[in-house]
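The file run_17.txt comes next; it holds compact mmCIF, C-alpha atoms.
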```txt
# COMPACT_ATOMS: atom_id res chain seq x y z
CA MET A 1 96.92 119.18 105.21
CA ARG A 2 98.07 119.92 101.67
CA PRO A 3 100.06 123.15 101.19
CA ALA A 4 98.52 125.85 99.03
CA ARG A 5 99.61 125.88 95.41
CA GLU A 6 102.13 128.57 94.55
CA HIS A 7 100.54 131.03 92.17
CA ALA A 8 102.86 131.23 89.17
CA THR A 9 102.19 134.54 87.45
CA ASN A 10 105.06 135.76 85.31
CA ASN A 11 107.63 134.41 87.74
CA SER A 12 109.52 132.37 85.13
CA GLN A 13 109.23 129.14 87.08
CA THR A 14 109.37 125.84 85.24
CA TYR A 15 107.00 123.02 86.15
CA PHE A 16 106.72 119.28 85.65
CA ILE A 17 103.03 118.59 84.95
CA THR A 18 101.18 115.27 84.91
CA SER A 19 97.56 114.73 83.97
CA ASP A 20 95.63 111.49 83.47
CA THR A 21 92.83 110.74 81.06
CA TRP A 22 89.40 110.01 82.54
CA ASP A 23 89.58 106.62 84.35
CA ARG A 24 93.06 106.19 82.80
CA ARG A 25 91.48 105.17 79.48
CA ALA A 26 93.97 104.78 76.63
CA LEU A 27 92.45 107.63 74.60
CA PHE A 28 95.77 108.61 73.04
CA LYS A 29 96.24 105.33 71.19
CA ASN A 30 94.12 106.94 68.47
CA GLU A 31 96.23 108.77 65.88
CA ALA A 32 93.59 111.47 65.27
CA TRP A 33 93.63 112.23 69.01
CA GLN A 34 97.43 112.32 69.07
CA ARG A 35 97.59 114.79 66.16
CA LEU A 36 94.88 116.98 67.68
CA PHE A 37 96.61 117.00 71.06
CA PHE A 38 99.85 118.29 69.54
CA LYS A 39 98.01 120.77 67.33
CA ASN A 40 96.34 122.18 70.45
CA LEU A 41 99.55 122.08 72.52
CA LEU A 42 101.44 124.05 69.88
CA THR A 43 98.57 126.52 69.31
CA HIS A 44 99.07 128.19 72.69
CA ARG A 45 102.85 127.92 72.75
CA SER A 46 104.61 131.21 73.60
CA GLU A 47 101.21 132.84 74.25
CA ALA A 48 100.70 130.99 77.55
CA TYR A 49 103.73 128.72 78.06
CA PHE A 50 107.03 127.49 76.74
CA ILE A 51 107.35 123.74 76.10
CA HIS A 52 110.68 122.23 77.12
CA GLU A 53 109.90 118.49 77.22
CA PHE A 54 106.85 116.24 76.89
CA VAL A 55 105.54 112.75 76.47
CA LEU A 56 102.05 111.78 75.36
CA MET A 57 101.31 108.35 76.77
CA PRO A 58 98.15 106.38 75.91
CA ASP A 59 96.47 107.38 79.19
CA HIS A 60 98.36 110.40 80.54
CA ILE A 61 100.72 113.26 79.73
CA HIS A 62 103.91 114.61 81.27
CA LEU A 63 105.13 118.09 80.40
CA LEU A 64 107.98 120.38 81.40
CA ILE A 65 106.67 123.90 80.78
CA THR A 66 107.37 127.46 81.80
CA PRO A 67 104.09 129.40 81.97
CA THR A 68 104.13 132.97 80.66
CA ALA A 69 101.02 133.80 82.67
CA SER A 70 99.74 131.50 85.45
CA LEU A 71 100.31 127.78 85.67
CA GLU A 72 96.57 127.22 85.99
CA ARG A 73 95.90 129.18 82.79
CA ALA A 74 98.55 127.21 80.89
CA VAL A 75 97.08 123.87 81.96
CA GLN A 76 93.56 125.13 81.22
CA LEU A 77 94.59 125.90 77.64
CA ILE A 78 96.30 122.52 77.26
CA LYS A 79 93.61 120.32 78.80
CA GLY A 80 90.50 122.44 78.32
CA GLY A 81 91.52 123.49 74.84
CA PHE A 82 92.06 119.89 73.83
CA SER A 83 88.74 118.77 75.38
CA PHE A 84 86.90 121.49 73.47
CA ARG A 85 88.59 120.60 70.20
CA VAL A 86 88.16 116.83 70.50
CA LYS A 87 84.42 117.32 71.10
CA LYS A 88 84.08 119.82 68.28
CA GLU A 89 86.43 118.32 65.68
CA LEU A 90 86.17 114.59 66.43
CA GLY A 91 82.63 114.46 67.82
CA PHE A 92 83.63 112.91 71.15
CA ASN A 93 81.02 113.47 73.86
CA GLY A 94 82.64 111.84 76.91
CA GLU A 95 85.00 113.04 79.59
CA VAL A 96 88.60 113.37 78.44
CA TRP A 97 90.64 114.26 81.55
CA GLN A 98 90.61 113.46 85.24
CA ARG A 99 89.95 116.60 87.24
CA GLY A 100 93.01 118.57 88.25
CA PHE A 101 96.66 117.88 87.56
CA SER A 102 99.87 117.21 89.45
CA ASP A 103 102.66 119.74 89.36
CA HIS A 104 106.15 120.03 90.69
CA ARG A 105 108.13 123.29 90.54
CA ILE A 106 111.61 122.61 89.18
CA ARG A 107 114.17 123.73 91.74
CA ASP A 108 117.49 123.57 89.90
CA ALA A 109 119.37 122.04 86.96
CA GLU A 110 119.67 118.63 88.63
CA ASP A 111 115.94 118.53 89.33
CA TYR A 112 115.24 119.54 85.72
CA ASP A 113 117.49 116.80 84.35
CA ARG A 114 115.90 114.19 86.64
CA HIS A 115 112.45 115.09 85.25
CA VAL A 116 113.70 115.08 81.64
CA HIS A 117 114.97 111.55 82.20
CA TYR A 118 111.66 110.54 83.75
CA ILE A 119 109.70 111.91 80.78
CA HIS A 120 111.94 110.28 78.20
CA LEU A 121 112.08 106.90 79.91
CA ASN A 122 108.33 106.68 80.58
CA PRO A 123 107.49 104.97 77.23
CA VAL A 124 110.45 102.59 77.66
CA LYS A 125 109.19 101.54 81.10
CA ARG A 126 105.73 100.93 79.64
CA HIS A 127 107.26 98.82 76.82
CA LEU A 128 106.10 101.17 74.07
CA CYS A 129 109.66 101.42 72.67
CA ASN A 130 113.18 100.18 73.36
CA VAL A 131 114.93 103.55 73.56
CA PRO A 132 113.44 107.03 74.13
CA ALA A 133 114.29 108.29 70.62
CA GLU A 134 111.97 105.65 69.08
CA PHE A 135 108.78 107.01 70.68
CA LYS A 136 107.44 109.66 68.32
CA TYR A 137 105.07 111.20 70.90
CA SER A 138 107.95 112.31 73.09
CA SER A 139 110.37 115.19 72.99
CA ALA A 140 113.12 112.54 72.86
CA TYR A 141 112.06 111.73 69.29
CA PRO A 142 114.31 113.53 66.76
CA GLY A 143 112.84 116.53 64.98
CA TRP A 144 110.64 118.14 67.62
CA LYS A 145 111.30 121.87 67.93
CA LEU A 146 111.20 122.75 71.61
CA ASP A 147 111.66 125.94 73.56
CA PRO A 148 115.10 126.33 75.08
CA VAL A 149 115.79 125.30 78.64
CA PRO A 150 115.47 128.37 80.87
CA GLN A 151 118.91 129.89 81.37
CA TRP A 152 118.85 129.48 85.16
CA LEU A 153 118.36 125.71 84.71
CA LYS A 154 121.36 125.20 82.43
CA PRO A 155 124.47 123.88 84.15
CA LEU A 156 127.79 125.05 82.80
CA GLY A 157 128.46 123.26 79.50
CA TYR A 158 124.84 122.12 79.01
CA GLU A 159 123.84 120.81 75.60
CA ARG A 160 120.54 119.17 74.66
CA ALA A 161 120.81 115.39 74.47
CA TYR A 162 117.47 113.56 74.47
CA GLY A 163 117.41 113.76 78.25
CA THR A 164 120.27 111.28 78.39
CA THR A 165 122.90 113.66 79.61
CA LYS A 166 125.54 112.65 82.05
CA VAL A 167 127.43 114.85 84.45
CA VAL A 168 131.19 114.62 84.28
CA PRO A 169 133.85 116.72 85.97
CA PHE A 170 134.34 120.03 84.20
CA GLN A 171 137.88 120.70 83.06
CA SER A 172 138.89 123.99 84.58
CA ASP A 173 142.16 125.85 84.96
CA ASP A 174 141.25 126.31 88.61
CA PRO A 175 142.35 123.16 90.52
CA ASN A 176 139.93 124.05 93.35
CA SER A 177 136.91 124.13 91.03
CA ALA A 178 134.19 121.58 91.84
CA VAL A 179 131.94 122.65 88.99
CA GLY A 180 130.36 119.89 86.86
CA ALA A 181 129.44 120.07 83.21
CA VAL A 182 126.86 118.12 81.28
CA THR A 183 128.17 116.08 78.39
CA PRO A 184 125.59 114.87 75.89
CA GLN A 185 125.70 111.27 74.74
CA ASN A 186 124.19 112.31 71.43
CA THR A 187 122.90 115.68 70.26
CA ARG A 188 120.24 117.02 67.91
CA ASP A 189 119.02 120.31 66.48
```

Just give me the structure of the file as structure tokens.
Amino acid sequence: MRPAREHATNNSQTYFITSDTWDRRALFKNEAWQRLFFKNLLTHRSEAYFIHEFVLMPDHIHLLITPTASLERAVQLIKGGFSFRVKKELGFNGEVWQRGFSDHRIRDAEDYDRHVHYIHLNPVKRHLCNVPAEFKYSSAYPGWKLDPVPQWLKPLGYERAYGTTKVVPFQSDDPNSAVGAVTPQNTRD
């Protein structure tokens, strides 16, 4: 039996979300669809969710978001809003998304970093690019303005680094300290 979904209403939880296109069709190979997806995604930003990381693959999406209302409402605005707009603005009359979505509540900074790496490496694994920063439909691509990582998910010394951070021992005056810090391999604005 599947456990009931946690209802995320103003609880400042961050989630890793995955949703597939209908029958895993490569709908997002079309540039007009890609632009419209991001236009819709950014339309509801801050109103319903904060966007921390994302990747738009040809047949699915992965997001790291923190809903400001409920998780279900955030995903409804992302998926339902896009479906409405693609039908209205691009004249598409078919199904866009598979029903439902997968979610995982981020537990801690290590879990967050693991999902950032997964998101950024997804296009590399699918041979769409050689390194994450080459794939322009990903938060790893330079120039995307994202919402900051929630404070409770930032390890000491955290800096944004394309999801390619590495944990190294933190230099502390306390010889008994076992705290780790994240050192970016390369940084961006």

Practice task
Name all residues at most 12 Å from Asp23 of chain A (count all atoms listed in the file; drop same-chain ones fewer than 3 positions away) and give them as a VMD selection string.
Solution key: chain A and resid 19 to 20 26 to 27 59 to 60 94 to 99

Practice task
Considering all atoms listed in the file, return as a PyMOL selection string whatever protein or nucleic-acid residues lie within 10 Å of Leu121 of chain A, sequence-local ones (same chain, fewer than 6 positions apart) excluded.
Solution key: chain A and resi 55+115+127+129-133+135+138+140+163-164

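Here atom CA of Val86 of chain A and atom CA of Ala69 of chain A stand 24.5 Å from one another.
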
Practice task
Would you list the contacts of segment 100-104 of chain A as a list in words, taking every protein, DNA or RNA residue within 9 Å and counting all atoms listed in the file, but skipping same-chain residues closer than 4 positions in sequence?
Solution key: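 Contacts, with the query itself left out: Thr14, Tyr15, Phe16, Ile17, Thr18, Ser19, Asp20 and Val75 of chain A.
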
Problem - Interatomic distance, atom CA of Asn40 of chain A to atom CA of Arg73 of chain A (Å, one decimal) - result: 14.2 Å

Problem - Distance of atom CA of Gly91 of chain A from atom CA of Asn30 of chain A, expressed in Å to one decimal place - result: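 Atom-to-atom, atom CA of Asn30 of chain A to atom CA of Gly91 of chain A, that is 13.7 Å.
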
Problem - Proximity to Ser70 of chain A - best of A:Leu41, A:Lys87, A:Ala109, A:Ser12, only C-alpha atoms - result: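 That would be A:Ser12, the residue with the smallest distance to Ser70 of chain A.
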